[in-house]
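Novice: One file is attached below, structure07.cif, containing mmCIF, C-alpha atoms (C1' of nucleotides).
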data_start
#
loop_
_atom_site.label_atom_id
_atom_site.label_comp_id
_atom_site.auth_asym_id
_atom_site.auth_seq_id
_atom_site.Cartn_x
_atom_site.Cartn_y
_atom_site.Cartn_z
CA MET A 25 11.20 -12.47 -16.96
CA ALA A 26 12.08 -9.97 -19.58
CA ALA A 27 11.82 -12.71 -22.18
CA ALA A 28 8.17 -13.19 -21.36
CA THR A 29 7.32 -12.30 -24.93
CA THR A 30 8.64 -15.65 -26.09
CA ALA A 31 6.17 -18.43 -26.74
CA GLN A 32 7.89 -20.45 -24.04
CA SER A 33 7.10 -18.28 -21.10
CA GLU A 34 3.61 -17.45 -22.26
CA VAL A 35 2.82 -21.11 -22.12
CA HIS A 36 4.15 -21.21 -18.58
CA ALA A 37 2.31 -18.13 -17.42
CA ASN A 38 -0.90 -19.90 -16.57
CA ALA A 39 0.90 -22.67 -14.76
CA GLU A 40 2.12 -20.27 -12.08
CA LYS A 41 -0.57 -20.48 -9.46
CA ALA A 42 1.18 -19.29 -6.33
CA CYS A 43 3.79 -16.89 -7.63
CA SER A 44 6.68 -15.95 -5.37
CA ILE A 45 6.23 -12.30 -6.19
CA GLN A 46 2.67 -12.54 -4.95
CA LEU A 47 3.86 -14.18 -1.74
CA SER A 48 6.46 -11.48 -1.22
CA LEU A 49 3.93 -8.74 -1.81
CA ASP A 50 1.57 -10.27 0.74
CA ILE A 51 4.18 -9.12 3.24
CA LEU A 52 5.69 -6.06 1.56
CA GLY A 53 2.89 -4.81 -0.65
CA ASP A 54 1.60 -1.62 0.89
CA ARG A 55 2.64 2.01 0.95
CA TRP A 56 4.63 1.86 4.20
CA THR A 57 6.30 -1.51 4.73
CA ILE A 58 9.17 -1.04 2.30
CA LEU A 59 9.89 2.44 3.65
CA ILE A 60 10.04 0.97 7.15
CA LEU A 61 12.52 -1.61 5.90
CA ARG A 62 14.57 1.06 4.16
CA ASP A 63 14.84 2.90 7.46
CA ALA A 64 15.75 -0.35 9.21
CA PHE A 65 18.60 -0.88 6.75
CA ARG A 66 19.78 2.63 7.54
CA GLY A 67 19.97 1.72 11.22
CA VAL A 68 16.63 2.95 12.54
CA ARG A 69 15.43 0.71 15.38
CA ARG A 70 12.99 2.46 17.68
CA PHE A 71 9.26 3.03 17.29
CA ASP A 72 9.35 6.80 17.57
CA GLU A 73 12.36 7.05 15.32
CA PHE A 74 10.45 5.30 12.53
CA ARG A 75 7.44 7.45 13.25
CA ARG A 76 9.24 10.76 13.07
CA ASP A 77 11.32 9.88 10.05
CA LEU A 78 8.43 8.54 7.98
CA ALA A 79 5.65 10.81 9.31
CA ILE A 80 3.52 7.69 9.56
CA ALA A 81 0.39 7.50 11.71
CA ARG A 82 1.02 5.64 14.98
CA PRO A 83 -1.64 2.94 14.59
CA VAL A 84 -0.38 2.15 11.10
CA LEU A 85 3.20 1.85 12.29
CA THR A 86 2.10 -0.41 15.15
CA ASP A 87 0.28 -2.61 12.68
CA ARG A 88 3.09 -2.74 10.10
CA LEU A 89 5.76 -3.57 12.67
CA LYS A 90 3.51 -6.28 14.07
CA ARG A 91 3.08 -7.78 10.61
CA LEU A 92 6.80 -7.66 9.93
CA VAL A 93 7.51 -9.35 13.26
CA ASP A 94 4.85 -11.99 12.54
CA ALA A 95 6.46 -12.58 9.16
CA GLU A 96 9.86 -12.90 10.87
CA VAL A 97 11.28 -10.11 8.75
CA MET A 98 11.95 -8.05 11.86
CA ALA A 99 12.34 -9.00 15.51
CA ARG A 100 11.02 -7.04 18.50
CA ARG A 101 13.40 -7.05 21.42
CA GLN A 102 13.36 -5.34 24.78
CA TYR A 103 16.76 -3.74 25.17
CA CYS A 104 16.06 -1.90 28.41
CA ALA A 105 14.10 -3.22 31.37
CA ARG A 106 13.38 0.06 33.13
CA PRO A 107 12.06 2.03 31.55
CA PRO A 108 10.79 -0.71 29.22
CA ARG A 109 12.18 0.08 25.79
CA PHE A 110 11.93 -1.96 22.64
CA GLU A 111 13.76 -2.11 19.37
CA TYR A 112 12.95 -3.59 16.00
CA ARG A 113 15.80 -5.21 14.14
CA LEU A 114 16.07 -6.93 10.80
CA THR A 115 16.30 -10.69 11.00
CA PRO A 116 18.38 -12.64 8.43
CA LYS A 117 15.16 -12.98 6.45
CA GLY A 118 14.82 -9.21 6.52
CA MET A 119 18.46 -8.69 5.61
CA ALA A 120 17.89 -10.89 2.59
CA LEU A 121 15.67 -8.14 1.19
CA SER A 122 18.65 -5.92 0.48
CA PRO A 123 18.85 -6.88 -3.23
CA THR A 124 15.21 -5.85 -3.59
CA LEU A 125 15.76 -2.50 -1.91
CA VAL A 126 18.92 -1.90 -3.89
CA ALA A 127 17.12 -2.69 -7.15
CA LEU A 128 14.35 -0.27 -6.22
CA MET A 129 16.84 2.43 -5.35
CA ARG A 130 18.80 1.97 -8.55
CA TRP A 131 15.66 2.18 -10.65
CA GLY A 132 14.75 5.42 -8.92
CA ASP A 133 18.26 6.72 -9.50
CA ASP A 134 18.25 5.78 -13.16
CA TRP A 135 14.74 6.84 -14.16
CA LEU A 136 13.26 9.16 -11.55
CA THR A 137 15.91 11.70 -10.59
CA GLU A 138 17.31 14.12 -13.11
CA SER A 139 20.23 15.19 -10.95
CA ALA A 140 22.82 13.08 -9.16
CA PRO A 141 21.45 10.26 -6.98
CA PRO A 142 20.99 11.30 -3.32
CA THR A 143 22.78 8.19 -2.10
CA VAL A 144 25.43 6.07 -3.74
CA LEU A 145 26.24 2.51 -2.71
CA VAL A 146 29.90 1.66 -2.86
CA HIS A 147 32.04 -1.43 -2.40
CA GLN A 148 33.36 -1.19 1.14
CA ARG A 149 36.84 -2.36 0.22
CA CYS A 150 37.62 -0.04 -2.68
CA GLY A 151 35.00 2.71 -2.42
CA GLN A 152 33.89 2.31 -6.03
CA PRO A 153 30.16 2.31 -6.92
CA ILE A 154 28.55 -1.12 -6.92
CA ASP A 155 26.57 -2.66 -9.74
CA GLN A 156 23.78 -5.22 -9.55
CA GLN A 157 23.87 -7.86 -12.25
CA PHE A 158 22.43 -11.14 -13.38
CA VAL A 159 25.09 -13.82 -13.29
CA CYS A 160 25.36 -17.27 -14.80
CA TRP A 161 27.91 -19.25 -12.84
CA HIS A 162 27.84 -21.95 -15.49
CA CYS A 163 28.89 -19.62 -18.30
CA ASP A 164 30.77 -17.40 -15.83
CA GLU A 165 29.36 -14.19 -17.25
CA THR A 166 27.02 -11.34 -16.45
CA PHE A 167 24.11 -10.33 -18.66
CA THR A 168 20.92 -8.27 -18.81
CA ALA A 169 17.28 -9.21 -18.38
CA ARG A 170 16.98 -9.83 -22.11
CA ASP A 171 18.93 -13.06 -21.81
CA ILE A 172 16.62 -14.61 -19.23
CA VAL A 173 13.84 -17.12 -19.85
CA SER A 174 11.41 -18.41 -17.25
CA ARG A 175 10.64 -22.07 -16.73
CA PRO A 176 8.26 -23.85 -14.37
CA GLY A 177 10.05 -25.06 -11.25
CA SER A 178 10.97 -28.71 -11.00
CA PRO A 179 8.13 -30.67 -9.34
CA PRO A 180 8.87 -31.66 -5.74
CA SER A 181 10.88 -34.89 -5.82
CA HIS A 182 9.47 -37.92 -3.98
CA MET B 4 22.71 -0.65 2.65
CA ALA B 5 23.33 -3.64 4.82
CA ALA B 6 26.20 -1.84 6.46
CA ALA B 7 23.84 0.84 7.73
CA THR B 8 24.84 -0.05 11.26
CA THR B 9 28.20 1.61 10.77
CA ALA B 10 28.68 5.11 12.12
CA GLN B 11 29.34 6.26 8.58
CA SER B 12 25.94 5.60 7.08
CA GLU B 13 24.05 6.66 10.19
CA VAL B 14 25.58 10.06 9.81
CA HIS B 15 24.40 10.15 6.22
CA ALA B 16 20.90 8.93 6.96
CA ASN B 17 19.48 12.35 7.75
CA ALA B 18 21.07 13.88 4.69
CA GLU B 19 18.88 11.77 2.40
CA LYS B 20 15.90 14.02 1.84
CA ALA B 21 14.42 12.72 -1.39
CA CYS B 22 15.31 9.05 -1.34
CA SER B 23 15.18 7.14 -4.61
CA ILE B 24 13.31 4.30 -2.95
CA GLN B 25 10.64 6.78 -1.91
CA LEU B 26 10.39 8.07 -5.47
CA SER B 27 10.10 4.54 -6.84
CA LEU B 28 7.41 3.67 -4.33
CA ASP B 29 5.41 6.74 -5.29
CA ILE B 30 4.85 4.87 -8.55
CA LEU B 31 4.98 1.23 -7.45
CA GLY B 32 3.90 1.37 -3.83
CA ASP B 33 0.45 -0.13 -3.68
CA ARG B 34 -1.05 -3.58 -3.57
CA TRP B 35 -1.62 -3.96 -7.31
CA THR B 36 0.95 -2.11 -9.38
CA ILE B 37 3.78 -4.60 -9.01
CA LEU B 38 1.46 -7.50 -9.78
CA ILE B 39 0.34 -5.70 -12.94
CA LEU B 40 3.98 -5.31 -13.91
CA ARG B 41 4.69 -8.95 -13.17
CA ASP B 42 1.88 -9.89 -15.55
CA ALA B 43 3.24 -7.46 -18.13
CA PHE B 44 6.64 -9.15 -17.94
CA ARG B 45 4.89 -12.46 -18.51
CA GLY B 46 3.38 -11.09 -21.71
CA VAL B 47 -0.04 -9.93 -20.57
CA ARG B 48 -1.14 -6.89 -22.57
CA ARG B 49 -4.90 -6.42 -22.63
CA PHE B 50 -7.18 -4.84 -20.03
CA ASP B 51 -9.41 -7.85 -19.50
CA GLU B 52 -6.48 -10.21 -19.44
CA PHE B 53 -5.00 -8.30 -16.50
CA ARG B 54 -8.39 -8.16 -14.86
CA ARG B 55 -9.07 -11.86 -15.10
CA ASP B 56 -5.60 -12.94 -14.08
CA LEU B 57 -5.34 -10.66 -11.07
CA ALA B 58 -9.00 -10.64 -10.05
CA ILE B 59 -8.69 -6.88 -9.68
CA ALA B 60 -11.66 -4.52 -9.64
CA ARG B 61 -12.15 -2.73 -12.96
CA PRO B 62 -11.94 0.83 -11.64
CA VAL B 63 -8.75 0.04 -9.76
CA LEU B 64 -7.16 -1.50 -12.85
CA THR B 65 -8.19 1.52 -14.93
CA ASP B 66 -6.57 3.80 -12.39
CA ARG B 67 -3.36 1.78 -12.03
CA LEU B 68 -2.81 1.47 -15.76
CA LYS B 69 -3.42 5.19 -16.12
CA ARG B 70 -0.80 5.92 -13.46
CA LEU B 71 1.70 3.58 -15.06
CA VAL B 72 1.14 5.20 -18.43
CA ASP B 73 1.49 8.68 -16.88
CA ALA B 74 4.74 7.54 -15.26
CA GLU B 75 5.91 6.22 -18.64
CA VAL B 76 6.39 2.76 -17.21
CA MET B 77 3.82 1.38 -19.62
CA ALA B 78 2.48 2.65 -22.92
CA ARG B 79 -1.12 2.44 -24.11
CA ARG B 80 -1.42 1.69 -27.78
CA GLN B 81 -4.37 1.06 -30.03
CA TYR B 82 -3.59 -2.08 -32.01
CA CYS B 83 -6.93 -2.42 -33.72
CA ALA B 84 -9.00 0.43 -35.18
CA ARG B 85 -12.34 -1.31 -35.45
CA PRO B 86 -13.33 -2.45 -33.01
CA PRO B 87 -11.05 -0.10 -31.03
CA ARG B 88 -8.74 -2.31 -29.01
CA PHE B 89 -5.88 -1.25 -26.81
CA GLU B 90 -2.83 -2.87 -25.35
CA TYR B 91 -0.53 -1.92 -22.54
CA ARG B 92 3.16 -2.60 -23.05
CA LEU B 93 6.22 -2.07 -20.94
CA THR B 94 8.39 0.84 -22.00
CA PRO B 95 12.18 0.69 -21.58
CA LYS B 96 11.63 2.40 -18.24
CA GLY B 97 9.26 -0.41 -17.30
CA MET B 98 11.64 -3.08 -18.59
CA ALA B 99 14.28 -1.61 -16.32
CA LEU B 100 12.25 -2.83 -13.38
CA SER B 101 13.16 -6.44 -14.08
CA PRO B 102 15.96 -6.56 -11.48
CA THR B 103 13.46 -5.39 -8.87
CA LEU B 104 10.91 -8.02 -9.84
CA VAL B 105 13.57 -10.70 -9.96
CA ALA B 106 14.86 -9.73 -6.52
CA LEU B 107 11.32 -9.89 -5.14
CA MET B 108 10.76 -13.27 -6.73
CA ARG B 109 14.01 -14.67 -5.42
CA TRP B 110 13.26 -13.50 -1.90
CA GLY B 111 9.90 -15.22 -2.07
CA ASP B 112 11.56 -18.37 -3.38
CA ASP B 113 14.20 -18.37 -0.66
CA TRP B 114 12.12 -17.44 2.36
CA LEU B 115 8.44 -17.91 1.65
CA THR B 116 8.00 -21.24 -0.13
CA GLU B 117 8.93 -24.49 1.53
CA SER B 118 8.79 -26.55 -1.65
CA ALA B 119 10.46 -25.95 -4.99
CA PRO B 120 10.00 -22.47 -6.48
CA PRO B 121 7.03 -22.27 -8.88
CA THR B 122 9.12 -20.54 -11.53
CA VAL B 123 12.82 -20.69 -12.22
CA LEU B 124 14.70 -18.10 -14.25
CA VAL B 125 17.41 -19.53 -16.42
CA HIS B 126 20.15 -18.19 -18.66
CA GLN B 127 18.74 -18.38 -22.18
CA ARG B 128 21.97 -19.63 -23.70
CA CYS B 129 22.79 -22.51 -21.38
CA GLY B 130 19.56 -23.17 -19.52
CA GLN B 131 21.22 -22.97 -16.10
CA PRO B 132 19.54 -21.02 -13.25
CA ILE B 133 20.55 -17.39 -13.03
CA ASP B 134 21.88 -15.63 -9.98
CA GLN B 135 21.58 -11.97 -9.02
CA GLN B 136 24.70 -10.47 -7.49
CA PHE B 137 26.35 -7.26 -6.45
CA VAL B 138 29.38 -6.60 -8.62
CA CYS B 139 32.36 -4.30 -8.28
CA TRP B 140 33.86 -3.76 -11.71
CA HIS B 141 36.86 -2.09 -10.14
CA CYS B 142 37.78 -5.14 -8.04
CA ASP B 143 36.20 -7.46 -10.62
CA GLU B 144 34.39 -9.53 -8.02
CA THR B 145 30.94 -10.32 -6.70
CA PHE B 146 29.95 -9.93 -3.07
CA THR B 147 27.00 -9.80 -0.66
CA ALA B 148 25.15 -6.89 0.90
CA ARG B 149 27.45 -7.00 3.90
CA ASP B 150 30.26 -5.48 1.85
CA ILE B 151 28.29 -2.39 0.82
CA VAL B 152 28.45 1.05 2.40
CA SER B 153 26.24 3.99 1.50
CA ARG B 154 27.56 7.45 0.79
CA PRO B 155 25.81 10.72 -0.07
CA GLY B 156 25.71 11.30 -3.81
CA SER B 157 28.16 13.78 -5.28
CA PRO B 158 26.62 17.27 -5.45
CA PRO B 159 25.69 18.39 -8.97
CA SER B 160 28.81 19.80 -10.60
CA HIS B 161 28.67 23.39 -11.92
"C1'" DC C 10 -32.20 -8.47 -34.41
"C1'" DG C 11 -30.09 -10.04 -29.99
"C1'" DA C 12 -26.15 -12.02 -27.60
"C1'" DC C 13 -21.38 -11.45 -26.74
"C1'" DT C 14 -16.69 -9.13 -26.18
"C1'" DT C 15 -13.70 -5.34 -24.86
"C1'" DG C 16 -12.79 -1.41 -22.26
"C1'" DG C 17 -14.31 1.31 -19.71
"C1'" DT C 18 -17.53 4.74 -15.92
"C1'" DT C 19 -20.71 5.38 -12.02
"C1'" DC C 20 -22.52 4.14 -7.89
"C1'" DG C 21 -23.04 2.79 -2.55
"C1'" DG C 22 -21.00 0.19 1.03
"C1'" DA C 23 -16.75 -1.83 3.22
"C1'" DA C 24 -12.10 -1.52 4.47
"C1'" DG C 25 -8.08 0.97 5.53
"C1'" DA C 26 -5.52 5.33 6.78
"C1'" DT C 27 -5.36 9.47 9.39
"C1'" DG C 28 -4.76 12.89 13.21
"C1'" DA C 29 -5.91 13.94 17.84
"C1'" DA C 30 -6.43 12.59 22.28
"C1'" DC C 31 -5.61 9.32 25.99
"C1'" DT C 32 -2.74 5.75 28.75
"C1'" DG C 33 0.91 4.15 31.49
"C1'" DA C 34 5.49 3.23 32.94
"C1'" DC C 35 9.41 5.51 33.82
"C1'" DG C 36 13.14 9.56 34.13
"C1'" DT C 37 14.52 14.31 35.30
"C1'" DA C 38 14.69 18.99 36.83
"C1'" DA C 39 12.77 22.50 40.05
"C1'" DT D 2 6.87 16.09 45.37
"C1'" DT D 3 5.08 18.21 41.74
"C1'" DA D 4 5.44 19.04 37.07
"C1'" DC D 5 7.07 18.02 32.70
"C1'" DG D 6 9.13 15.01 29.13
"C1'" DT D 7 9.93 10.46 26.67
"C1'" DC D 8 8.77 6.09 24.69
"C1'" DA D 9 5.55 2.88 23.06
"C1'" DG D 10 1.68 2.23 22.29
"C1'" DT D 11 -4.33 2.16 22.19
"C1'" DT D 12 -8.81 4.23 21.18
"C1'" DC D 13 -11.79 6.92 18.57
"C1'" DA D 14 -14.00 9.86 14.92
"C1'" DT D 15 -13.26 11.09 10.42
"C1'" DC D 16 -11.63 10.94 5.81
"C1'" DT D 17 -9.98 8.51 1.84
"C1'" DT D 18 -9.48 4.66 -0.85
"C1'" DC D 19 -11.04 0.17 -2.44
"C1'" DC D 20 -14.30 -2.98 -3.91
"C1'" DG D 21 -18.12 -5.39 -6.33
"C1'" DA D 22 -22.16 -4.78 -8.90
"C1'" DA D 23 -24.35 -2.55 -12.21
"C1'" DC D 24 -24.42 0.17 -16.18
"C1'" DC D 25 -22.72 1.98 -20.81
"C1'" DA D 26 -20.89 2.23 -25.57
"C1'" DA D 27 -18.79 0.53 -29.69
"C1'" DG D 28 -18.29 -3.12 -32.45
"C1'" DT D 29 -18.76 -8.21 -34.01
"C1'" DC D 30 -20.93 -12.63 -34.74
"C1'" DG D 31 -24.75 -15.71 -35.80
#
Mind turning this structure into structure tokens?
Specialist:
Amino acid sequence: MAAATTAQSEVHANAEKACSIQLSLDILGDRWTILILRDAFRGVRRFDEFRRDLAIARPVLTDRLKRLVDAEVMARRQYCARPPRFEYRLTPKGMALSPTLVALMRWGDDWLTESAPPTVLVHQRCGQPIDQQFVCWHCDETFTARDIVSRPGSPPSH
Amino acid sequence: MAAATTAQSEVHANAEKACSIQLSLDILGDRWTILILRDAFRGVRRFDEFRRDLAIARPVLTDRLKRLVDAEVMARRQYCARPPRFEYRLTPKGMALSPTLVALMRWGDDWLTESAPPTVLVHQRCGQPIDQQFVCWHCDETFTARDIVSRPGSPPSH
DNA sequence: CGACTTGGTTCGGAAGATGAACTGACGTAA
DNA sequence: TTACGTCAGTTCATCTTCCGAACCAAGTCG
């Protein structure tokens, strides 16, 4: 990624037809979807709660929630028969987005706010701030983006 | 983040006025910007190279690059006087987005592609695939999103 | 000279976002 | 029982943004 300046990864660049980032952005890539997910991680579940918190137009929220449900990132569930009430919850696939949201939040904290970050994420057990790191389990060490190279994925075995 | 279902973080939810994710999305939150950055990480630098690779409309690319330069995520630099030629490079602030891009890519790999991932990121030194993890330096251990709680940031000291 | 490349700007039409109003099923208080 | 409120939407007119095509300018190559 960060080592894309090397000859290696420039050679590979053209080989990446269907990039995973592209696929992810097909689902997440608009002004509202990630904010909806952020709210969902905070515990927001109901239509009007999303609407009020985000000040999003109703038709847009309807559409975005529908897309997220279609993509199996969120699940729509009726939790009350009468009156009929629905909630939108993160699926495991949606939960798996937490590293993305955390990375986004940390970037904002580090580069976009001059004062203290509005929210701090801490390790539940000890209460100390968390860090997000690249890890190599082979070398058993953490490192920065500078030590990463990209390679084409192994062709599907057959 | 993932523990937003606890009473704790729900209480805090309303206290988060200017969320860092919101601030980040003010810069990154549209269909093209993140794809431009992905290309930049791959080593793409010139206007027409971005345009061809992304199949993006010229005026939109002009606008997005301008925004990224204004936000100091990329820098526009003339690298040839005659004919005047320009390149767009990631600044340190832009480089700092690599964890976000990596998280996005990994989510796509894990949940959106059924075959092998098109690109694999490996540790430069040993060539083994990298992992991205939450780390607590206090406890000296890695963990998943389930072990995170959010807290309001400490008020600016004075 | 004329064609080509790079890095744009300027248009009109298409697509997407917006707020306001409407619906409809139900609950509650007077 | 009448009126009002809530939740979860849909419909519609308008407004903004996006897009592709065309144009432009500066320079280079043959």
Novice: Mind listing as a PyMOL selection string which residues of chain A are within 10 Å of chain D, counting all atoms listed in the file?
Specialist: chain A and resi 70-72+82-83+86+107-110
Novice: Record the distance separating atom CA of A:Arg62 and atom CA of B:Gly97, expressed in Å with one decimal.
Specialist: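 Result for atom CA of A:Arg62 versus atom CA of B:Gly97: 22.2 Å, one decimal.
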Novice: Can you measure atom CA of A:Ile60 to atom CA of B:Arg45 for me? One decimal in Å is fine.
Specialist: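 Rounded to one decimal, the two atoms are 29.4 Å apart.
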Novice: Do you know which residues the PyMOL selection byres ((chain A) within 12 of (chain C)) returns on this file, as a list in words?
Specialist: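 That selection, the PyMOL selection byres ((chain A) within 12 of (chain C)), comes back as Asp54, Arg55, Trp56, Ala79, Ile80, Ala81, Arg82, Pro83, Val84, Leu85, Asp87, Cys104, Ala105, Arg106, Pro107, Pro108 and Arg109 of chain A.
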Novice: Just need the residues of chain A within 6 Å of chain B, counting only C-alpha atoms, so spit them out as a short mmCIF file (atom, residue, chain, number, x, y, z; two decimals) with C-alpha atoms, in the coordinates of the input.
Specialist:
data_model
loop_
_atom_site.label_atom_id
_atom_site.label_comp_id
_atom_site.auth_asym_id
_atom_site.auth_seq_id
_atom_site.Cartn_x
_atom_site.Cartn_y
_atom_site.Cartn_z
CA MET A 25 11.20 -12.47 -16.96
CA ALA A 26 12.08 -9.97 -19.58
CA ALA A 28 8.17 -13.19 -21.36
CA THR A 29 7.32 -12.30 -24.93
CA SER A 44 6.68 -15.95 -5.37
CA ILE A 45 6.23 -12.30 -6.19
CA SER A 48 6.46 -11.48 -1.22
CA GLY A 53 2.89 -4.81 -0.65
CA ASP A 54 1.60 -1.62 0.89
CA ARG A 55 2.64 2.01 0.95
CA PHE A 65 18.60 -0.88 6.75
CA ARG A 66 19.78 2.63 7.54
CA GLY A 67 19.97 1.72 11.22
CA PRO A 123 18.85 -6.88 -3.23
CA THR A 124 15.21 -5.85 -3.59
CA ALA A 127 17.12 -2.69 -7.15
CA LEU A 128 14.35 -0.27 -6.22
CA MET A 129 16.84 2.43 -5.35
CA GLY A 132 14.75 5.42 -8.92
CA ASP A 133 18.26 6.72 -9.50
CA PRO A 141 21.45 10.26 -6.98
CA PRO A 142 20.99 11.30 -3.32
CA THR A 143 22.78 8.19 -2.10
CA VAL A 144 25.43 6.07 -3.74
CA LEU A 145 26.24 2.51 -2.71
CA VAL A 146 29.90 1.66 -2.86
CA HIS A 147 32.04 -1.43 -2.40
CA GLN A 148 33.36 -1.19 1.14
CA ILE A 154 28.55 -1.12 -6.92
CA ASP A 155 26.57 -2.66 -9.74
CA GLN A 156 23.78 -5.22 -9.55
CA GLN A 157 23.87 -7.86 -12.25
CA PHE A 158 22.43 -11.14 -13.38
CA VAL A 159 25.09 -13.82 -13.29
CA CYS A 160 25.36 -17.27 -14.80
CA ASP A 171 18.93 -13.06 -21.81
CA ILE A 172 16.62 -14.61 -19.23
CA VAL A 173 13.84 -17.12 -19.85
CA SER A 174 11.41 -18.41 -17.25
CA ARG A 175 10.64 -22.07 -16.73
CA PRO A 176 8.26 -23.85 -14.37
CA GLY A 177 10.05 -25.06 -11.25
CA PRO A 180 8.87 -31.66 -5.74
#
Novice: Figure out the distance between atom CA of A:Glu138 and atom CA of B:Thr94, please, to one decimal in Å.
Specialist: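 So the answer is 18.3 Å.
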Novice: Is it possible to get the axis-aligned box enclosing stretch 17-21 of chain D (all listed atoms, 4 Å extra per side) as lines of an AutoDock Vina configuration file, with centre and edge lengths in Å rounded to one decimal?
Specialist:
center_x = -13.8
center_y = 1.6
center_z = -2.2
size_x = 16.6
size_y = 21.9
size_z = 16.2
Novice: Could I get stretch 117-132 of chain B from the block written out with N, CA and C atoms, as a CSV table (one decimal), in the first residue's frame?
Specialist:
chain,number,residue,atom,x,y,z
B,117,GLU,N,-15.6,-13.9,-3.4
B,117,GLU,CA,-15.7,-15.3,-3.0
B,117,GLU,C,-14.4,-16.1,-3.3
B,118,SER,N,-13.7,-15.5,-4.3
B,118,SER,CA,-12.4,-16.2,-4.7
B,118,SER,C,-11.3,-15.6,-3.9
B,119,ALA,N,-10.1,-15.8,-4.3
B,119,ALA,CA,-8.9,-15.3,-3.6
B,119,ALA,C,-8.9,-13.7,-3.8
B,120,PRO,N,-8.4,-13.0,-2.8
B,120,PRO,CA,-8.3,-11.6,-2.9
B,120,PRO,C,-7.4,-11.2,-4.1
B,121,PRO,N,-7.8,-10.1,-4.8
B,121,PRO,CA,-7.0,-9.7,-6.0
B,121,PRO,C,-5.6,-9.2,-5.6
B,122,THR,N,-5.5,-8.6,-4.4
B,122,THR,CA,-4.2,-8.1,-4.0
B,122,THR,C,-4.0,-8.5,-2.5
B,123,VAL,N,-2.8,-8.9,-2.2
B,123,VAL,CA,-2.4,-9.3,-0.9
B,123,VAL,C,-1.3,-8.3,-0.4
B,124,LEU,N,-1.5,-7.9,0.8
B,124,LEU,CA,-0.4,-7.0,1.4
B,124,LEU,C,0.5,-7.9,2.3
B,125,VAL,N,1.7,-7.7,2.1
B,125,VAL,CA,2.7,-8.6,2.8
B,125,VAL,C,3.7,-7.7,3.5
B,126,HIS,N,4.3,-8.3,4.6
B,126,HIS,CA,5.3,-7.7,5.3
B,126,HIS,C,6.6,-7.7,4.4
B,127,GLN,N,7.1,-6.5,4.2
B,127,GLN,CA,8.2,-6.3,3.3
B,127,GLN,C,9.4,-7.3,3.6
B,128,ARG,N,9.7,-7.4,4.9
B,128,ARG,CA,10.9,-8.1,5.4
B,128,ARG,C,10.8,-9.6,5.1
B,129,CYS,N,9.6,-10.2,5.5
B,129,CYS,CA,9.5,-11.6,5.4
B,129,CYS,C,8.5,-12.2,4.3
B,130,GLY,N,7.8,-11.3,3.7
B,130,GLY,CA,6.9,-11.7,2.6
B,130,GLY,C,5.6,-12.4,3.1
B,131,GLN,N,5.4,-12.4,4.4
B,131,GLN,CA,4.2,-13.0,4.9
B,131,GLN,C,3.0,-12.0,4.9
B,132,PRO,N,1.8,-12.5,4.8
B,132,PRO,CA,0.6,-11.5,4.8
B,132,PRO,C,0.5,-10.8,6.1
